[in-house]
$ cat coords-v5.cif   # mmCIF, C-alpha atoms
data_protein
loop_
_atom_site.label_atom_id
_atom_site.label_comp_id
_atom_site.auth_asym_id
_atom_site.auth_seq_id
_atom_site.Cartn_x
_atom_site.Cartn_y
_atom_site.Cartn_z
CA MET Q 170 18.42 -20.28 6.18
CA ILE Q 171 17.76 -16.78 7.53
CA ALA Q 172 20.36 -14.03 7.22
CA ILE Q 173 20.38 -10.33 8.03
CA ILE Q 174 21.38 -7.93 5.26
CA SER Q 175 22.21 -4.26 5.84
CA ILE Q 176 21.27 -1.88 3.05
CA GLY Q 177 22.29 1.77 2.82
CA MET Q 178 20.38 4.33 0.76
CA CYS Q 179 21.79 7.84 0.45
CA ILE Q 180 19.39 10.64 -0.37
CA GLY Q 181 21.14 13.99 -0.70
CA ALA Q 182 23.39 14.39 2.33
CA ALA Q 183 21.46 11.89 4.46
CA CYS Q 184 22.24 8.20 4.42
CA LYS Q 185 19.43 5.88 5.53
CA THR Q 186 20.03 2.32 6.59
CA LYS Q 187 17.81 -0.68 7.10
CA ASP Q 188 18.37 -4.28 8.13
CA VAL Q 189 16.17 -6.92 6.54
CA PHE Q 190 15.83 -10.62 7.06
CA SER Q 191 16.72 -12.62 4.00
CA VAL Q 192 14.72 -15.85 4.02
CA ASN Q 193 16.53 -18.40 1.87
CA GLY Q 194 18.26 -15.46 0.24
CA ARG Q 195 15.02 -13.56 -0.41
CA GLU Q 196 14.46 -10.09 1.02
CA VAL Q 197 11.07 -9.42 2.64
CA PRO Q 198 8.96 -6.26 2.16
CA ILE Q 199 6.93 -4.50 4.88
CA TYR Q 200 3.73 -6.32 5.88
CA SER Q 201 3.14 -4.64 9.24
CA VAL Q 202 4.88 -2.36 11.74
CA GLN Q 203 5.71 -2.74 15.41
CA ARG Q 204 4.21 0.36 17.05
CA THR Q 205 4.22 1.69 20.60
CA ASP Q 206 1.08 3.69 19.80
CA ASN Q 207 -2.24 2.54 18.35
CA ARG Q 208 -1.75 3.51 14.70
CA LEU Q 209 -2.75 1.36 11.75
CA ALA Q 210 -2.92 2.20 8.05
CA MET Q 211 -5.83 1.99 5.62
CA THR Q 212 -4.86 1.28 2.02
CA PHE Q 213 -6.81 0.90 -1.22
CA ASN Q 214 -5.67 -0.54 -4.54
CA CYS Q 215 -7.11 1.25 -7.59
CA ALA Q 216 -7.10 -0.80 -10.78
CA TRP Q 217 -10.64 -1.19 -12.12
CA ASN Q 218 -13.07 1.75 -12.28
CA ASP Q 219 -13.76 5.01 -10.46
CA ASP Q 220 -17.46 4.51 -9.73
CA ASP Q 221 -17.09 4.52 -5.95
CA ILE Q 222 -14.26 7.03 -5.45
CA ASP Q 223 -16.63 9.83 -4.43
CA SER Q 224 -18.40 7.59 -1.91
CA ILE Q 225 -15.13 6.30 -0.46
CA LEU Q 226 -13.80 9.82 -0.05
CA GLU Q 227 -17.06 10.98 1.55
CA ILE Q 228 -16.89 8.18 4.14
CA LEU Q 229 -13.19 8.72 4.84
CA ASP Q 230 -13.90 12.43 5.37
CA LYS Q 231 -16.80 11.60 7.71
CA TYR Q 232 -14.35 9.86 10.04
CA LYS Q 233 -11.46 12.28 9.35
CA VAL Q 234 -9.31 9.43 8.00
CA LYS Q 235 -6.47 9.82 5.52
CA ALA Q 236 -5.57 6.66 3.61
CA THR Q 237 -3.03 5.51 1.05
CA PHE Q 238 -4.22 4.66 -2.47
CA PHE Q 239 -1.98 2.49 -4.62
CA VAL Q 240 -2.92 3.36 -8.18
CA VAL Q 241 -2.22 1.55 -11.43
CA GLY Q 242 -0.78 3.94 -14.00
CA ASN Q 243 -3.24 3.20 -16.78
CA TRP Q 244 -6.09 3.54 -14.24
CA ALA Q 245 -4.81 7.04 -13.51
CA GLU Q 246 -4.64 7.78 -17.23
CA LYS Q 247 -8.23 6.63 -17.67
CA TYR Q 248 -9.55 8.38 -14.56
CA PRO Q 249 -7.37 11.47 -14.03
CA GLU Q 250 -10.16 13.37 -12.28
CA ALA Q 251 -10.52 10.58 -9.73
CA LEU Q 252 -6.78 10.75 -9.01
CA LYS Q 253 -7.00 14.52 -8.63
CA LYS Q 254 -9.86 14.08 -6.16
CA LEU Q 255 -7.76 11.70 -4.07
CA CYS Q 256 -4.90 14.19 -3.94
CA SER Q 257 -7.19 17.15 -3.22
CA ALA Q 258 -8.66 15.20 -0.30
CA GLY Q 259 -5.17 14.75 1.18
CA MET Q 260 -4.89 11.06 0.43
CA GLU Q 261 -1.48 9.51 -0.12
CA ILE Q 262 -0.69 8.01 -3.52
CA GLY Q 263 1.42 4.92 -4.07
CA ASN Q 264 2.57 3.07 -7.18
CA HIS Q 265 0.74 -0.17 -8.12
CA SER Q 266 2.61 -0.71 -11.43
CA TYR Q 267 1.67 0.86 -14.75
CA ASN Q 268 -0.58 -1.90 -16.08
CA HIS Q 269 -1.09 -4.40 -13.23
CA ALA Q 270 1.73 -6.45 -14.67
CA HIS Q 271 3.14 -9.72 -13.36
CA TYR Q 272 6.59 -8.51 -12.32
CA SER Q 273 7.73 -12.07 -11.70
CA ALA Q 274 7.75 -12.54 -15.48
CA MET Q 275 9.83 -9.40 -16.12
CA THR Q 276 13.50 -8.48 -15.85
CA LYS Q 277 14.64 -5.99 -13.22
CA ASP Q 278 15.14 -3.31 -15.86
CA GLU Q 279 11.66 -3.91 -17.25
CA ILE Q 280 10.24 -3.65 -13.73
CA ILE Q 281 11.96 -0.32 -13.12
CA THR Q 282 10.71 1.01 -16.46
CA ASN Q 283 7.17 -0.08 -15.62
CA MET Q 284 7.33 1.48 -12.15
CA GLN Q 285 8.65 4.73 -13.57
CA LYS Q 286 5.91 4.86 -16.18
CA CYS Q 287 3.32 4.80 -13.39
CA ASP Q 288 5.23 7.47 -11.47
CA ASP Q 289 5.37 9.66 -14.58
CA VAL Q 290 1.61 9.38 -15.12
CA VAL Q 291 0.88 10.35 -11.51
CA PHE Q 292 3.33 13.26 -11.66
CA LYS Q 293 1.87 14.56 -14.93
CA ILE Q 294 -1.64 14.58 -13.46
CA THR Q 295 -0.92 15.72 -9.91
CA GLY Q 296 2.61 17.11 -9.78
CA GLU Q 297 3.34 14.69 -6.93
CA LYS Q 298 6.34 12.40 -6.69
CA ILE Q 299 5.65 9.04 -5.06
CA TYR Q 300 7.93 6.46 -3.46
CA LEU Q 301 5.64 3.82 -1.95
CA PHE Q 302 5.12 0.73 -4.09
CA ARG Q 303 2.86 -2.32 -4.02
CA GLY Q 304 3.10 -5.01 -6.68
CA ALA Q 305 0.11 -6.21 -8.64
CA TYR Q 306 -1.34 -9.40 -7.16
CA GLY Q 307 0.95 -8.86 -4.17
CA GLU Q 308 3.74 -10.45 -6.19
CA TYR Q 309 7.36 -9.84 -5.38
CA ASP Q 310 10.68 -11.56 -5.88
CA ASP Q 311 14.36 -10.63 -5.61
CA LYS Q 312 14.22 -8.61 -8.83
CA THR Q 313 11.28 -6.54 -7.61
CA ILE Q 314 12.80 -5.83 -4.21
CA LYS Q 315 16.13 -4.89 -5.79
CA ALA Q 316 14.32 -2.63 -8.25
CA CYS Q 317 12.67 -0.88 -5.29
CA ASP Q 318 15.96 -0.55 -3.40
CA GLU Q 319 17.81 0.83 -6.42
CA THR Q 320 15.11 3.43 -7.12
CA GLU Q 321 14.58 4.34 -3.43
CA ARG Q 322 11.05 2.98 -3.28
CA THR Q 323 9.53 1.22 -0.26
CA TYR Q 324 7.64 -2.00 -1.00
CA ILE Q 325 4.44 -2.22 1.05
CA GLN Q 326 2.38 -5.39 1.46
CA TRP Q 327 -0.44 -5.82 3.99
CA SER Q 328 -1.27 -7.75 7.15
CA LYS Q 329 -5.08 -7.74 6.89
CA ASP Q 330 -6.76 -8.50 3.58
CA SER Q 331 -10.42 -7.53 3.25
CA LEU Q 332 -10.81 -9.79 0.19
CA ASP Q 333 -13.46 -7.29 -0.81
CA TYR Q 334 -13.04 -8.08 -4.50
CA LYS Q 335 -14.53 -11.56 -4.01
CA ALA Q 336 -16.76 -11.06 -0.97
CA LYS Q 337 -20.39 -12.18 -1.07
CA SER Q 338 -21.59 -9.60 1.45
CA CYS Q 339 -20.59 -6.49 3.40
CA GLY Q 340 -20.53 -8.55 6.57
CA GLU Q 341 -17.68 -10.68 5.28
CA ILE Q 342 -15.54 -7.63 4.61
CA ILE Q 343 -16.36 -5.95 7.91
CA SER Q 344 -15.46 -9.06 9.88
CA ARG Q 345 -12.19 -9.68 8.06
CA VAL Q 346 -11.00 -6.13 8.59
CA THR Q 347 -12.15 -5.43 12.14
CA GLN Q 348 -11.72 -8.78 13.91
CA ASN Q 349 -8.32 -9.13 15.55
CA ALA Q 350 -7.12 -5.82 14.09
CA ALA Q 351 -4.00 -4.63 15.88
CA ALA Q 352 -1.76 -1.58 16.00
CA GLY Q 353 0.73 -1.65 13.15
CA ASP Q 354 -1.59 -3.47 10.77
CA ILE Q 355 -1.76 -2.45 7.12
CA ILE Q 356 -5.26 -3.05 5.80
CA LEU Q 357 -5.87 -3.85 2.14
CA MET Q 358 -9.06 -2.82 0.37
CA HIS Q 359 -9.93 -2.04 -3.26
CA ASN Q 360 -12.06 0.50 -4.99
CA GLY Q 361 -14.34 -0.64 -7.78
CA THR Q 362 -15.77 -3.68 -6.00
CA GLN Q 363 -19.39 -4.48 -5.26
CA TYR Q 364 -19.32 -4.07 -1.48
CA THR Q 365 -16.31 -1.94 -0.52
CA LYS Q 366 -18.06 1.40 -0.25
CA ASP Q 367 -21.07 -0.13 1.51
CA SER Q 368 -18.90 -1.81 4.16
CA LEU Q 369 -16.48 1.07 4.70
CA ASP Q 370 -18.66 3.13 7.05
CA ALA Q 371 -19.07 0.26 9.50
CA ILE Q 372 -15.35 -0.56 9.27
CA LEU Q 373 -14.27 2.97 10.06
CA LYS Q 374 -16.88 3.36 12.80
CA ASN Q 375 -15.36 0.31 14.48
CA LEU Q 376 -11.69 1.01 13.90
CA THR Q 377 -11.67 4.73 14.74
CA LYS Q 378 -12.97 3.90 18.22
CA ARG Q 379 -9.91 1.72 18.85
CA PHE Q 380 -7.11 3.02 16.65
CA GLU Q 381 -5.56 6.08 15.08
CA LEU Q 382 -5.96 5.48 11.36
CA CYS Q 383 -3.23 6.93 9.18
CA LYS Q 384 -1.43 6.88 5.86
CA VAL Q 385 1.31 4.30 5.27
CA SER Q 386 4.03 6.95 5.41
CA GLU Q 387 2.82 7.85 8.90
CA LEU Q 388 2.97 4.23 10.03
CA ILE Q 389 6.29 2.96 8.72
CA TYR Q 390 9.79 3.98 9.82
CA SER Q 391 11.97 5.66 7.20
CA ASP Q 392 15.35 5.21 8.89
CA ASN Q 393 17.22 2.98 11.38
CA TYR Q 394 14.86 0.05 11.20
CA TYR Q 395 14.89 -3.66 10.52
CA ILE Q 396 12.38 -6.06 8.98
CA ASP Q 397 12.02 -9.57 10.36
CA ALA Q 398 11.26 -12.79 8.51
CA THR Q 399 7.49 -12.19 8.71
CA GLY Q 400 7.76 -8.76 7.12
CA ARG Q 401 7.19 -6.87 10.36
CA GLN Q 402 9.13 -3.62 10.58
CA PHE Q 403 10.81 -2.63 13.85
CA LEU Q 404 12.58 0.53 14.93
CA LYS Q 405 16.12 -0.17 16.13
#
$ encode --input "coords-v5.cif" --output "structure tokens"
Amino acid sequence: MIAIISIGMCIGAACKTKDVFSVNGREVPIYSVQRTDNRLAMTFNCAWNDDDIDSILEILDKYKVKATFFVVGNWAEKYPEALKKLCSAGMEIGNHSYNHAHYSAMTKDEIITNMQKCDDVVFKITGEKIYLFRGAYGEYDDKTIKACDETERTYIQWSKDSLDYKAKSCGEIISRVTQNAAAGDIILMHNGTQYTKDSLDAILKNLTKRFELCKVSELIYSDNYYIDATGRQFLK
């Protein structure tokens, strides 16, 4: 059974509304966006090390691309200078939980506490407040979505997975990301893998010829939108 649920979120004097499809009673996060332009978003999850951050930033700068980095809180604590470099380079920071926790095994209150702990770490290091969220392992359930709604966070999934963390070669990653890429896609990559930095130049060389690459906040709609059963966001 698919139902449409309207949710209102009031921030200051402005009240924002969204309609989401509830699939068997389960709300769906944003996987991709229906665009009338040719934008797509590059995203990176940061959970392991910081060995390739400088290289990733150098390549992004080469192609004048700003991306969104979803950071784990204890990664940020361990590598504060890497987080500062991301912010100084104009990259967008999102929340990827404090400790890469399985939120499906936690209560809603525990989830909110864990999210906030990551936010607090990022704010202490950078002075930036963040509102984009992506669960560890891509996990989400009703509790997680409700936790996001109640704390005015936007849950972001992805529509193209590079699978860079288990790739056997750069070619695999390049093909997965560039083949059949479309406007509105949200691309998932990771730092700290064997081939990510070595495949990124070819990926950006390909994509920047066809698309305007942007941060997630520049791709998604913040008001008067709906999300269908596949997780695609549409402007009303």
$ closest_residue --input "coords-v5.cif" --among "Q:Cys317, Q:Leu382, Q:Met211, Q:Ala258" --to "Pro198 in chain Q" --atoms "only C-alpha atoms"
Q:Cys317
$ residues_around --input "coords-v5.cif" --residues "Val234 in chain Q" --least-positions-apart "6" --cutoff "12 Å" --atoms "only C-alpha atoms" --output "ChimeraX atom specification"
/Q:208-212,225-228,258-261,369-370,372-374,376-377,380-384
$ atom_distance --input "coords-v5.cif" --atom1 "CA of Ala251 in chain Q" --atom2 "CA of His269 in chain Q"
18.0 Å
$ residues_around --input "coords-v5.cif" --residues "Ser344 in chain Q" --least-positions-apart "2" --cutoff "12 Å" --atoms "only C-alpha atoms" --output "tab-separated table (two decimals) with C-alpha atoms, in the frame of the given file"
chain	number	residue	atom	x	y	z
Q	329	LYS	CA	-5.08	-7.74	6.89
Q	330	ASP	CA	-6.76	-8.50	3.58
Q	331	SER	CA	-10.42	-7.53	3.25
Q	332	LEU	CA	-10.81	-9.79	0.19
Q	333	ASP	CA	-13.46	-7.29	-0.81
Q	336	ALA	CA	-16.76	-11.06	-0.97
Q	338	SER	CA	-21.59	-9.60	1.45
Q	339	CYS	CA	-20.59	-6.49	3.40
Q	340	GLY	CA	-20.53	-8.55	6.57
Q	341	GLU	CA	-17.68	-10.68	5.28
Q	342	ILE	CA	-15.54	-7.63	4.61
Q	346	VAL	CA	-11.00	-6.13	8.59
Q	347	THR	CA	-12.15	-5.43	12.14
Q	348	GLN	CA	-11.72	-8.78	13.91
Q	349	ASN	CA	-8.32	-9.13	15.55
Q	350	ALA	CA	-7.12	-5.82	14.09
Q	368	SER	CA	-18.90	-1.81	4.16
Q	369	LEU	CA	-16.48	1.07	4.70
Q	371	ALA	CA	-19.07	0.26	9.50
Q	372	ILE	CA	-15.35	-0.56	9.27
Q	375	ASN	CA	-15.36	0.31	14.48
Q	376	LEU	CA	-11.69	1.01	13.90
$ residues_around --input "coords-v5.cif" --residues "Gln402 in chain Q" --least-positions-apart "5" --cutoff "7 Å" --atoms "all atoms listed in the file" --output "list in words"
Ile199, Ser201, Val202, Gln203, Tyr394, Tyr395, Ile396 and Asp397 of chain Q
$ decode --input "coords-v5.cif" --residues "range 276-290 of chain Q" --atoms "all heavy atoms" --output "PDB file, in the first residue's frame"
ATOM      1  N   THR Q 276      17.049   3.092  19.500  1.00  0.00           N
ATOM      2  CA  THR Q 276      15.772   3.778  19.645  1.00  0.00           C
ATOM      3  C   THR Q 276      15.856   5.140  18.966  1.00  0.00           C
ATOM      4  O   THR Q 276      16.955   5.626  18.659  1.00  0.00           O
ATOM      5  CB  THR Q 276      15.417   3.999  21.121  1.00  0.00           C
ATOM      6  OG1 THR Q 276      16.360   4.931  21.700  1.00  0.00           O
ATOM      7  CG2 THR Q 276      15.459   2.679  21.891  1.00  0.00           C
ATOM      8  N   LYS Q 277      14.718   5.766  18.748  1.00  0.00           N
ATOM      9  CA  LYS Q 277      14.721   7.083  18.112  1.00  0.00           C
ATOM     10  C   LYS Q 277      15.518   8.082  18.935  1.00  0.00           C
ATOM     11  O   LYS Q 277      16.296   8.876  18.380  1.00  0.00           O
ATOM     12  CB  LYS Q 277      13.294   7.579  17.912  1.00  0.00           C
ATOM     13  CG  LYS Q 277      13.210   8.881  17.111  1.00  0.00           C
ATOM     14  CD  LYS Q 277      11.789   9.381  16.984  1.00  0.00           C
ATOM     15  CE  LYS Q 277      11.273   9.888  18.321  1.00  0.00           C
ATOM     16  NZ  LYS Q 277       9.950  10.530  18.215  1.00  0.00           N
ATOM     17  N   ASP Q 278      15.353   8.066  20.241  1.00  0.00           N
ATOM     18  CA  ASP Q 278      16.083   8.995  21.095  1.00  0.00           C
ATOM     19  C   ASP Q 278      17.583   8.746  21.033  1.00  0.00           C
ATOM     20  O   ASP Q 278      18.385   9.694  21.031  1.00  0.00           O
ATOM     21  CB  ASP Q 278      15.595   8.886  22.539  1.00  0.00           C
ATOM     22  CG  ASP Q 278      14.210   9.490  22.742  1.00  0.00           C
ATOM     23  OD1 ASP Q 278      13.756  10.229  21.839  1.00  0.00           O
ATOM     24  OD2 ASP Q 278      13.588   9.214  23.775  1.00  0.00           O
ATOM     25  N   GLU Q 279      17.979   7.492  20.972  1.00  0.00           N
ATOM     26  CA  GLU Q 279      19.407   7.173  20.848  1.00  0.00           C
ATOM     27  C   GLU Q 279      19.948   7.656  19.507  1.00  0.00           C
ATOM     28  O   GLU Q 279      21.092   8.135  19.426  1.00  0.00           O
ATOM     29  CB  GLU Q 279      19.609   5.670  20.986  1.00  0.00           C
ATOM     30  CG  GLU Q 279      19.418   5.143  22.400  1.00  0.00           C
ATOM     31  CD  GLU Q 279      19.423   3.631  22.478  1.00  0.00           C
ATOM     32  OE1 GLU Q 279      19.153   2.962  21.445  1.00  0.00           O
ATOM     33  OE2 GLU Q 279      19.690   3.094  23.579  1.00  0.00           O
ATOM     34  N   ILE Q 280      19.141   7.534  18.466  1.00  0.00           N
ATOM     35  CA  ILE Q 280      19.549   8.009  17.138  1.00  0.00           C
ATOM     36  C   ILE Q 280      19.769   9.515  17.161  1.00  0.00           C
ATOM     37  O   ILE Q 280      20.789  10.019  16.657  1.00  0.00           O
ATOM     38  CB  ILE Q 280      18.484   7.632  16.085  1.00  0.00           C
ATOM     39  CG1 ILE Q 280      18.478   6.119  15.859  1.00  0.00           C
ATOM     40  CG2 ILE Q 280      18.735   8.368  14.768  1.00  0.00           C
ATOM     41  CD1 ILE Q 280      17.298   5.616  15.058  1.00  0.00           C
ATOM     42  N   ILE Q 281      18.831  10.242  17.735  1.00  0.00           N
ATOM     43  CA  ILE Q 281      18.957  11.702  17.792  1.00  0.00           C
ATOM     44  C   ILE Q 281      20.201  12.104  18.583  1.00  0.00           C
ATOM     45  O   ILE Q 281      20.946  13.007  18.181  1.00  0.00           O
ATOM     46  CB  ILE Q 281      17.689  12.328  18.405  1.00  0.00           C
ATOM     47  CG1 ILE Q 281      16.510  12.162  17.436  1.00  0.00           C
ATOM     48  CG2 ILE Q 281      17.909  13.802  18.734  1.00  0.00           C
ATOM     49  CD1 ILE Q 281      15.176  12.608  18.004  1.00  0.00           C
ATOM     50  N   THR Q 282      20.447  11.424  19.694  1.00  0.00           N
ATOM     51  CA  THR Q 282      21.636  11.719  20.499  1.00  0.00           C
ATOM     52  C   THR Q 282      22.906  11.471  19.698  1.00  0.00           C
ATOM     53  O   THR Q 282      23.856  12.259  19.743  1.00  0.00           O
ATOM     54  CB  THR Q 282      21.644  10.860  21.773  1.00  0.00           C
ATOM     55  OG1 THR Q 282      20.504  11.190  22.577  1.00  0.00           O
ATOM     56  CG2 THR Q 282      22.910  11.091  22.584  1.00  0.00           C
ATOM     57  N   ASN Q 283      22.936  10.368  18.938  1.00  0.00           N
ATOM     58  CA  ASN Q 283      24.095  10.028  18.133  1.00  0.00           C
ATOM     59  C   ASN Q 283      24.309  11.036  17.013  1.00  0.00           C
ATOM     60  O   ASN Q 283      25.438  11.475  16.759  1.00  0.00           O
ATOM     61  CB  ASN Q 283      23.923   8.615  17.567  1.00  0.00           C
ATOM     62  CG  ASN Q 283      25.180   8.061  16.950  1.00  0.00           C
ATOM     63  OD1 ASN Q 283      25.489   8.346  15.798  1.00  0.00           O
ATOM     64  ND2 ASN Q 283      25.914   7.254  17.703  1.00  0.00           N
ATOM     65  N   MET Q 284      23.217  11.427  16.348  1.00  0.00           N
ATOM     66  CA  MET Q 284      23.310  12.457  15.309  1.00  0.00           C
ATOM     67  C   MET Q 284      23.870  13.759  15.879  1.00  0.00           C
ATOM     68  O   MET Q 284      24.764  14.385  15.289  1.00  0.00           O
ATOM     69  CB  MET Q 284      21.920  12.736  14.727  1.00  0.00           C
ATOM     70  CG  MET Q 284      21.325  11.669  13.861  1.00  0.00           C
ATOM     71  SD  MET Q 284      19.618  12.135  13.434  1.00  0.00           S
ATOM     72  CE  MET Q 284      19.221  10.939  12.187  1.00  0.00           C
ATOM     73  N   GLN Q 285      23.326  14.159  17.019  1.00  0.00           N
ATOM     74  CA  GLN Q 285      23.727  15.430  17.613  1.00  0.00           C
ATOM     75  C   GLN Q 285      25.192  15.407  18.027  1.00  0.00           C
ATOM     76  O   GLN Q 285      25.891  16.429  17.932  1.00  0.00           O
ATOM     77  CB  GLN Q 285      22.843  15.755  18.817  1.00  0.00           C
ATOM     78  CG  GLN Q 285      23.072  17.162  19.375  1.00  0.00           C
ATOM     79  CD  GLN Q 285      22.800  18.240  18.342  1.00  0.00           C
ATOM     80  OE1 GLN Q 285      21.758  18.232  17.690  1.00  0.00           O
ATOM     81  NE2 GLN Q 285      23.734  19.175  18.186  1.00  0.00           N
ATOM     82  N   LYS Q 286      25.663  14.248  18.484  1.00  0.00           N
ATOM     83  CA  LYS Q 286      27.065  14.143  18.874  1.00  0.00           C
ATOM     84  C   LYS Q 286      27.981  14.409  17.685  1.00  0.00           C
ATOM     85  O   LYS Q 286      29.005  15.079  17.818  1.00  0.00           O
ATOM     86  CB  LYS Q 286      27.341  12.761  19.474  1.00  0.00           C
ATOM     87  CG  LYS Q 286      28.691  12.642  20.161  1.00  0.00           C
ATOM     88  CD  LYS Q 286      28.827  11.320  20.902  1.00  0.00           C
ATOM     89  CE  LYS Q 286      30.154  11.242  21.643  1.00  0.00           C
ATOM     90  NZ  LYS Q 286      30.297   9.939  22.365  1.00  0.00           N
ATOM     91  N   CYS Q 287      27.598  13.893  16.517  1.00  0.00           N
ATOM     92  CA  CYS Q 287      28.375  14.179  15.300  1.00  0.00           C
ATOM     93  C   CYS Q 287      28.314  15.668  14.973  1.00  0.00           C
ATOM     94  O   CYS Q 287      29.339  16.285  14.673  1.00  0.00           O
ATOM     95  CB  CYS Q 287      27.853  13.346  14.139  1.00  0.00           C
ATOM     96  SG  CYS Q 287      28.708  13.648  12.572  1.00  0.00           S
ATOM     97  N   ASP Q 288      27.107  16.228  15.014  1.00  0.00           N
ATOM     98  CA  ASP Q 288      26.953  17.666  14.747  1.00  0.00           C
ATOM     99  C   ASP Q 288      27.839  18.490  15.670  1.00  0.00           C
ATOM    100  O   ASP Q 288      28.473  19.466  15.245  1.00  0.00           O
ATOM    101  CB  ASP Q 288      25.500  18.094  14.946  1.00  0.00           C
ATOM    102  CG  ASP Q 288      24.595  17.740  13.776  1.00  0.00           C
ATOM    103  OD1 ASP Q 288      25.091  17.146  12.804  1.00  0.00           O
ATOM    104  OD2 ASP Q 288      23.413  18.063  13.839  1.00  0.00           O
ATOM    105  N   ASP Q 289      27.859  18.130  16.946  1.00  0.00           N
ATOM    106  CA  ASP Q 289      28.622  18.894  17.937  1.00  0.00           C
ATOM    107  C   ASP Q 289      30.114  18.840  17.639  1.00  0.00           C
ATOM    108  O   ASP Q 289      30.825  19.846  17.794  1.00  0.00           O
ATOM    109  CB  ASP Q 289      28.349  18.355  19.339  1.00  0.00           C
ATOM    110  CG  ASP Q 289      26.942  18.641  19.830  1.00  0.00           C
ATOM    111  OD1 ASP Q 289      26.261  19.505  19.229  1.00  0.00           O
ATOM    112  OD2 ASP Q 289      26.515  17.994  20.801  1.00  0.00           O
ATOM    113  N   VAL Q 290      30.592  17.672  17.205  1.00  0.00           N
ATOM    114  CA  VAL Q 290      32.010  17.541  16.859  1.00  0.00           C
ATOM    115  C   VAL Q 290      32.348  18.449  15.677  1.00  0.00           C
ATOM    116  O   VAL Q 290      33.348  19.183  15.706  1.00  0.00           O
ATOM    117  CB  VAL Q 290      32.352  16.076  16.523  1.00  0.00           C
ATOM    118  CG1 VAL Q 290      33.748  15.972  15.899  1.00  0.00           C
ATOM    119  CG2 VAL Q 290      32.257  15.203  17.762  1.00  0.00           C
TER     120      VAL Q 290
END
